[in-house]
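*Asks:* For reference, the file protein.txt (compact mmCIF, C-alpha atoms and all ligand atoms) is included below:
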# COMPACT_ATOMS: atom_id res chain seq x y z
CA MET A 224 101.89 117.18 116.22
CA PHE A 225 103.27 114.53 113.85
CA ASP A 226 104.98 112.63 116.65
CA LEU A 227 106.01 109.12 115.59
CA THR A 228 107.77 108.12 118.80
CA GLY A 229 107.63 104.36 119.27
CA LYS A 230 106.54 103.65 115.69
CA THR A 231 108.37 101.39 113.27
CA ALA A 232 108.48 102.34 109.60
CA LEU A 233 109.84 100.82 106.40
CA VAL A 234 110.59 103.12 103.47
CA THR A 235 111.50 101.45 100.18
CA GLY A 236 113.89 103.13 97.77
CA ALA A 237 115.21 105.12 100.72
CA ALA A 238 118.91 105.20 99.81
CA THR A 239 118.55 108.40 97.77
CA GLY A 240 116.14 111.08 96.56
CA ILE A 241 112.57 111.31 97.82
CA GLY A 242 112.81 108.04 99.78
CA GLU A 243 115.87 109.26 101.67
CA ALA A 244 114.07 112.50 102.57
CA ILE A 245 111.05 110.48 103.77
CA ALA A 246 113.25 108.21 105.89
CA ARG A 247 114.92 111.26 107.46
CA ALA A 248 111.58 112.98 108.12
CA LEU A 249 110.00 109.91 109.77
CA SER A 250 113.09 109.30 111.85
CA GLY A 251 113.21 112.99 112.83
CA ALA A 252 109.65 112.58 114.14
CA GLY A 253 110.76 109.69 116.37
CA ALA A 254 110.14 106.54 114.30
CA PHE A 255 112.59 103.67 113.96
CA VAL A 256 113.10 103.47 110.20
CA TYR A 257 114.15 100.59 107.97
CA VAL A 258 115.89 101.89 104.86
CA GLY A 259 114.94 99.39 102.15
CA ASP A 260 116.89 99.65 98.92
CA LEU A 261 118.94 97.86 96.29
CA ASN A 262 121.78 100.29 96.82
CA GLU A 263 123.66 98.95 99.83
CA GLU A 264 126.35 101.61 99.97
CA ALA A 265 124.11 104.68 99.93
CA GLY A 266 121.34 102.95 101.91
CA SER A 267 123.68 101.94 104.74
CA LYS A 268 124.90 105.54 105.05
CA VAL A 269 121.34 106.85 105.36
CA ALA A 270 120.47 104.13 107.90
CA GLU A 271 123.53 104.99 109.95
CA ALA A 272 122.77 108.73 109.87
CA ILE A 273 119.23 108.23 111.17
CA GLU A 274 120.06 105.37 113.56
CA GLY A 275 117.77 103.07 111.62
CA GLU A 276 118.62 99.85 109.81
CA PHE A 277 119.45 99.12 106.19
CA LEU A 278 117.44 96.36 104.57
CA LYS A 279 118.76 95.13 101.23
CA LEU A 280 115.66 94.74 99.14
CA ASP A 281 114.71 94.52 95.49
CA VAL A 282 110.98 95.20 95.59
CA SER A 283 110.52 93.44 92.25
CA SER A 284 111.65 90.18 93.89
CA HIS A 285 108.86 88.38 95.73
CA ASP A 286 111.43 86.45 97.79
CA ASP A 287 113.17 89.66 98.88
CA SER A 288 109.87 91.16 99.98
CA ILE A 289 108.91 88.10 102.02
CA ALA A 290 112.38 88.00 103.63
CA ALA A 291 112.12 91.71 104.51
CA VAL A 292 108.70 91.27 106.12
CA ARG A 293 109.92 88.26 108.14
CA LYS A 294 112.93 90.20 109.37
CA VAL A 295 110.91 93.26 110.42
CA HIS A 296 108.35 91.09 112.21
CA SER A 297 110.96 88.98 114.00
CA ASP A 298 113.13 91.97 115.03
CA ARG A 299 110.46 94.56 115.89
CA GLY A 300 107.22 92.62 116.26
CA ASP A 301 105.08 94.90 114.14
CA LEU A 302 105.33 97.44 111.37
CA ASP A 303 103.29 100.61 111.86
CA ILE A 304 104.12 102.57 108.71
CA LEU A 305 104.89 101.22 105.23
CA VAL A 306 106.04 103.75 102.64
CA ASN A 307 106.19 102.19 99.19
CA ASN A 308 108.43 104.69 97.44
CA ALA A 309 110.80 102.64 95.23
CA GLY A 310 110.02 103.34 91.60
CA ILE A 311 111.65 103.55 88.19
CA GLY A 312 110.91 105.58 85.07
CA HIS A 313 110.94 105.25 81.30
CA VAL A 314 110.58 107.63 78.37
CA GLY A 315 108.47 106.65 75.39
CA THR A 316 105.12 106.60 73.60
CA ILE A 317 103.37 103.32 72.81
CA LEU A 318 105.39 103.19 69.55
CA ASN A 319 108.78 102.99 71.23
CA THR A 320 107.83 101.29 74.50
CA ASP A 321 108.32 97.53 74.37
CA ALA A 322 106.21 95.13 76.41
CA VAL A 323 109.38 94.24 78.26
CA ASP A 324 109.76 97.90 79.39
CA LEU A 325 106.18 97.96 80.57
CA GLU A 326 106.67 94.72 82.49
CA ARG A 327 109.92 95.96 84.05
CA LEU A 328 108.23 99.12 85.31
CA PHE A 329 105.17 97.18 86.46
CA ALA A 330 107.32 94.74 88.46
CA VAL A 331 108.92 97.55 90.49
CA ASN A 332 106.27 100.29 90.59
CA VAL A 333 103.15 98.16 91.07
CA ARG A 334 103.87 94.53 91.91
CA GLY A 335 106.61 95.59 94.34
CA MET A 336 104.19 97.54 96.51
CA TYR A 337 101.53 94.87 96.06
CA ASP A 338 103.86 92.14 97.40
CA LEU A 339 105.07 94.13 100.39
CA THR A 340 101.60 95.39 101.31
CA LYS A 341 100.08 91.92 100.95
CA ALA A 342 102.71 90.48 103.27
CA PHE A 343 102.46 93.23 105.92
CA ILE A 344 98.73 93.86 105.96
CA PRO A 345 97.42 90.69 107.73
CA LYS A 346 99.32 91.58 110.92
CA MET A 347 98.24 95.21 110.62
CA ILE A 348 94.61 94.07 110.40
CA GLU A 349 95.10 91.74 113.38
CA ARG A 350 96.25 94.64 115.58
CA LYS A 351 93.87 97.15 113.92
CA TYR A 352 96.64 99.59 113.07
CA GLY A 353 98.60 100.24 109.92
CA VAL A 354 99.49 103.20 107.75
CA ILE A 355 100.40 102.75 104.12
CA VAL A 356 101.70 105.59 101.95
CA ASN A 357 102.33 104.84 98.30
CA ILE A 358 104.38 107.23 96.20
CA ALA A 359 102.59 107.58 92.88
CA SER A 360 103.17 110.66 90.71
CA ILE A 361 101.25 113.46 89.09
CA GLY A 362 101.61 110.98 86.18
CA GLY A 363 99.12 108.83 88.15
CA ILE A 364 96.48 111.57 87.86
CA LEU A 365 97.23 113.14 84.48
CA ALA A 366 98.81 111.77 81.33
CA ILE A 367 102.35 113.03 80.67
CA ARG A 368 103.55 113.07 77.08
CA ASP A 369 106.09 110.39 76.18
CA ARG A 370 105.68 108.48 79.47
CA ILE A 371 103.19 105.73 78.65
CA ALA A 372 104.76 102.95 80.72
CA TYR A 373 105.41 105.22 83.69
CA CYS A 374 101.92 106.77 83.73
CA THR A 375 100.26 103.37 83.27
CA THR A 376 102.00 102.07 86.39
CA LYS A 377 101.37 105.24 88.42
CA PHE A 378 97.64 105.27 87.56
CA ALA A 379 97.68 101.66 88.83
CA VAL A 380 99.35 102.80 92.07
CA VAL A 381 96.58 105.34 92.69
CA GLY A 382 93.92 102.72 91.91
CA MET A 383 95.49 100.07 94.12
CA THR A 384 95.85 102.57 96.98
CA LYS A 385 92.17 103.52 96.81
CA CYS A 386 91.11 99.85 96.71
CA ILE A 387 93.20 99.01 99.79
CA ALA A 388 91.82 102.10 101.58
CA LEU A 389 88.24 101.10 100.84
CA ASP A 390 88.61 97.40 101.59
CA HIS A 391 90.36 97.97 104.92
CA ALA A 392 88.97 101.27 106.23
CA ARG A 393 87.18 99.40 109.05
CA ASP A 394 90.30 97.37 109.90
CA GLY A 395 92.32 100.27 111.28
CA ILE A 396 94.28 100.60 108.05
CA ARG A 397 94.79 103.87 106.19
CA ALA A 398 96.22 103.90 102.68
CA ASN A 399 97.02 107.08 100.79
CA ALA A 400 98.96 107.97 97.68
CA VAL A 401 101.22 110.98 97.24
CA CYS A 402 101.52 112.39 93.74
CA PRO A 403 104.60 114.54 93.31
CA GLY A 404 105.23 116.82 90.37
CA ARG A 405 108.84 116.98 89.19
CA VAL A 406 111.26 116.76 92.05
CA GLU A 407 114.95 117.33 91.52
CA THR A 408 116.53 113.93 92.21
CA ASP A 409 118.73 111.47 90.29
CA PHE A 410 115.49 110.14 88.79
CA VAL A 411 114.89 113.43 86.95
CA ARG A 412 118.62 113.98 86.25
CA ARG A 413 118.71 110.57 84.46
CA ARG A 414 115.67 111.55 82.33
CA LEU A 415 117.27 114.92 81.49
CA ALA A 416 120.41 113.17 80.27
CA GLU A 417 118.29 111.36 77.64
CA TYR A 418 117.41 114.66 75.90
CA PRO A 419 119.63 116.17 73.16
CA ASP A 420 119.63 119.51 75.06
CA PRO A 421 119.43 118.75 78.81
CA GLY A 422 119.48 122.47 79.75
CA LYS A 423 116.44 123.19 77.59
CA ALA A 424 114.71 120.04 78.89
CA TYR A 425 115.37 121.21 82.48
CA GLU A 426 113.63 124.54 81.79
CA GLU A 427 110.69 122.77 80.15
CA MET A 428 110.36 120.33 83.04
CA ALA A 429 110.54 123.14 85.61
CA SER A 430 107.85 125.10 83.77
CA THR A 431 105.28 122.25 83.90
CA GLN A 432 104.79 123.23 87.55
CA ALA A 433 102.63 126.36 87.89
CA VAL A 434 105.18 127.72 90.37
CA GLY A 435 107.85 127.47 87.64
CA ARG A 436 110.32 125.27 89.50
CA MET A 437 110.85 121.65 90.42
CA GLY A 438 110.14 120.43 93.93
CA ARG A 439 112.59 119.37 96.62
CA PRO A 440 112.51 115.86 98.15
CA GLU A 441 111.81 117.39 101.59
CA GLU A 442 108.62 118.98 100.23
CA VAL A 443 107.29 115.51 99.41
CA ALA A 444 108.57 114.04 102.67
CA ALA A 445 106.56 116.62 104.65
CA ALA A 446 103.34 115.33 103.05
CA VAL A 447 104.30 111.74 103.82
CA LEU A 448 105.04 112.66 107.44
CA TYR A 449 101.56 114.16 107.74
CA LEU A 450 99.85 111.12 106.19
CA ALA A 451 101.92 108.74 108.32
CA SER A 452 100.97 110.53 111.54
CA ASP A 453 97.85 110.08 113.64
CA GLU A 454 96.95 113.70 112.79
CA ALA A 455 95.79 112.22 109.46
CA ALA A 456 93.54 109.67 111.21
CA PHE A 457 90.52 110.79 109.10
CA VAL A 458 92.44 110.70 105.80
CA THR A 459 92.36 107.56 103.70
CA GLY A 460 92.06 106.80 99.99
CA THR A 461 93.40 110.17 98.89
CA ALA A 462 95.86 110.91 96.12
CA LEU A 463 97.57 114.01 97.50
CA GLU A 464 99.10 116.21 94.82
CA ILE A 465 102.40 117.79 95.83
CA ASP A 466 103.02 119.25 92.42
CA GLY A 467 103.65 122.99 92.50
CA GLY A 468 100.24 123.49 90.91
CA TRP A 469 100.85 121.28 87.85
CA ALA A 470 97.44 119.57 88.05
CA ALA A 471 95.57 122.83 88.67
CA GLY A 472 95.53 123.48 84.92
CA ARG A 473 97.36 125.26 82.15
N1 LIG A 501 111.66 112.74 91.08
C1 LIG A 501 110.49 113.01 90.57
O1 LIG A 501 110.32 113.99 89.84
C2 LIG A 501 109.30 112.16 90.89
C3 LIG A 501 108.04 112.67 90.55
C4 LIG A 501 106.92 111.91 90.84
C5 LIG A 501 107.06 110.67 91.43
N2 LIG A 501 108.30 110.20 91.73
C6 LIG A 501 108.35 108.89 92.35
O2 LIG A 501 109.01 108.99 93.59
C7 LIG A 501 109.70 107.77 93.88
C8 LIG A 501 111.15 108.08 94.21
O3 LIG A 501 111.70 108.82 93.13
P1 LIG A 501 113.13 109.53 93.21
O4 LIG A 501 113.05 110.70 92.31
O5 LIG A 501 113.57 109.70 94.61
O6 LIG A 501 114.00 108.38 92.49
P2 LIG A 501 115.58 108.05 92.57
O7 LIG A 501 115.86 107.30 91.31
O8 LIG A 501 116.34 109.28 92.88
O9 LIG A 501 115.66 107.06 93.81
C9 LIG A 501 114.99 105.83 93.78
C10 LIG A 501 115.56 104.90 94.83
O10 LIG A 501 114.87 103.65 94.69
C11 LIG A 501 115.81 102.60 94.64
N3 LIG A 501 115.26 101.50 93.85
C12 LIG A 501 115.08 101.46 92.52
N4 LIG A 501 114.58 100.27 92.16
C13 LIG A 501 114.43 99.56 93.30
C14 LIG A 501 113.97 98.25 93.58
N5 LIG A 501 113.59 97.42 92.60
N6 LIG A 501 113.95 97.83 94.86
C15 LIG A 501 114.38 98.65 95.85
N7 LIG A 501 114.83 99.90 95.65
C16 LIG A 501 114.87 100.33 94.37
C17 LIG A 501 117.07 103.20 94.02
O11 LIG A 501 118.23 102.46 94.37
C18 LIG A 501 117.05 104.61 94.63
O12 LIG A 501 117.71 104.63 95.88
C19 LIG A 501 109.51 106.88 92.66
O13 LIG A 501 108.42 106.00 92.89
C20 LIG A 501 109.15 107.87 91.56
O14 LIG A 501 108.38 107.30 90.55
C21 LIG A 501 109.43 110.91 91.47
Could you show the structure in this file as structure tokens?

*Replies:*
Amino acid sequence: MFDLTGKTALVTGAATGIGEAIARALSGAGAFVYVGDLNEEAGSKVAEAIEGEFLKLDVSSHDDSIAAVRKVHSDRGDLDILVNNAGIGHVGTILNTDAVDLERLFAVNVRGMYDLTKAFIPKMIERKYGVIVNIASIGGILAIRDRIAYCTTKFAVVGMTKCIALDHARDGIRANAVCPGRVETDFVRRRLAEYPDPGKAYEEMASTQAVGRMGRPEEVAAAVLYLASDEAAFVTGTALEIDGGWAAGR
């Protein structure tokens, strides 16, 4: 099960954190993986470790996305699996979130995956095969206090994923979102550093999950591996919560 031998995948934001774990999981299942990221140093190390290829890519740049798609198509012919994972966060309510913050998050979290998907999908439709996995967040299902810009973009990710799934279900395309709860990565460590008492903030963040702890990147990667595999052939348009029970209720 979950064999990806012969498949080609691109994972964005794969130099560290959840994206790195996804790249390692897909490669471990036999896929050739492009590690797309801004961070050349860390990304090249991951690519080398998994015998994939680093692709320098800022997903908020339309030109970068088009160049990445051209390179993948010219080197490998087709892309089977696109994992849109690159994302950035922000802390604030509407009162202390500027339009420029909202636009910055939108450019990476939403328009980035829109550009890449739009450029890859015509060839996927032509060959009637393509798997798209978009990393949203539990903040794309539920509001999180003090995260208006982040939640706005992640709700958009879930909506866009469902639209793509519906529009292209008969074209051999599957599109699913994964909605992690808090996962211990640099992303969360940077947020913690913004609090006056990071230790207390850590405990509070851990306790939002019903299981009382944060997740590990590998626990999200396992869900992505399932969705990317042909074992999930009947699964499209979902927003799969990998959240330690956060969304189950209080
Ligand atoms: N960590 C969590 O608790 C958590 C929870 C829910 C959802 N998520 C989502 O999971 C995804 C990955 O999060 P993470 O915790 O691994 O983050 P991270 O900050 O640890 O890693 C993000 C990676 O994306 C890269 N990146 C950032 N902007 C980019 C851009 N414009 N173009 C290309 N690459 C870029 C960074 O260089 C980094 O390697 C994000 O979409 C995030 O919103 C994270």

*Asks:* Would you please work out which residue, of A:Gly395, A:Gly467, A:Pro403, A:Gly236, is nearest to A:Ile355 when using all atoms listed in the file?

*Replies:*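 Using all atoms listed in the file, the shortest distance to A:Ile355 belongs to A:Gly395.
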
*Asks:* Skipping near chain neighbours, those fewer than 4 positions away, what residues fall within 9 Å of A:Gly435 using all atoms listed in the file, listed as a list of chain:residue names?

*Replies:*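 Answer for this query is A:Glu426, A:Met428, A:Ala429, A:Ser430, A:Thr431, A:Gly467.
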
*Asks:* Kindly compile the residues surrounding ligand LIG 501 (chain A) within 8 Å, counting all atoms listed in the file, and format them as an MDAnalysis selection string.

*Replies:* chainID A and resid 235:243 259:262 265:266 279:284 307:312 330:332 335 358:362 373 377 402:411 437:438 440

*Asks:* Would you tabulate, counting all atoms listed in the file, all residues of stretch 317-371 of chain A that have an atom at most 9 Å from an atom of stretch 291-305 of chain A, showing the closest pair of atoms and their distance in Å to one decimal, sorted by chain then ascending number, as a Markdown table?

*Replies:*
| residue | atom | partner | partner_atom | distance |
| --- | --- | --- | --- | --- |
| A:Leu339 | CA | A:Val292 | CA | 7.4 |
| A:Thr340 | CA | A:Leu305 | CA | 7.8 |
| A:Ala342 | CA | A:Val292 | CA | 6.7 |
| A:Phe343 | CA | A:Val292 | CA | 6.5 |
| A:Lys346 | CA | A:Asp301 | CA | 7.4 |
| A:Met347 | CA | A:Leu302 | CA | 7.5 |
| A:Arg350 | CA | A:Asp301 | CA | 9.0 |
| A:Tyr352 | CA | A:Asp303 | CA | 6.8 |
| A:Gly353 | CA | A:Asp303 | CA | 5.1 |
| A:Val354 | CA | A:Ile304 | CA | 4.8 |
| A:Ile355 | CA | A:Leu305 | CA | 4.9 |
| A:Val356 | CA | A:Leu305 | CA | 6.3 |
| A:Asn357 | CA | A:Leu305 | CA | 8.2 |

*Asks:* Grab the atom CA of A:Ile396 to atom CA of A:Val447 distance for me, in Å with one decimal place.

*Replies:*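 So the answer is 15.6 Å.
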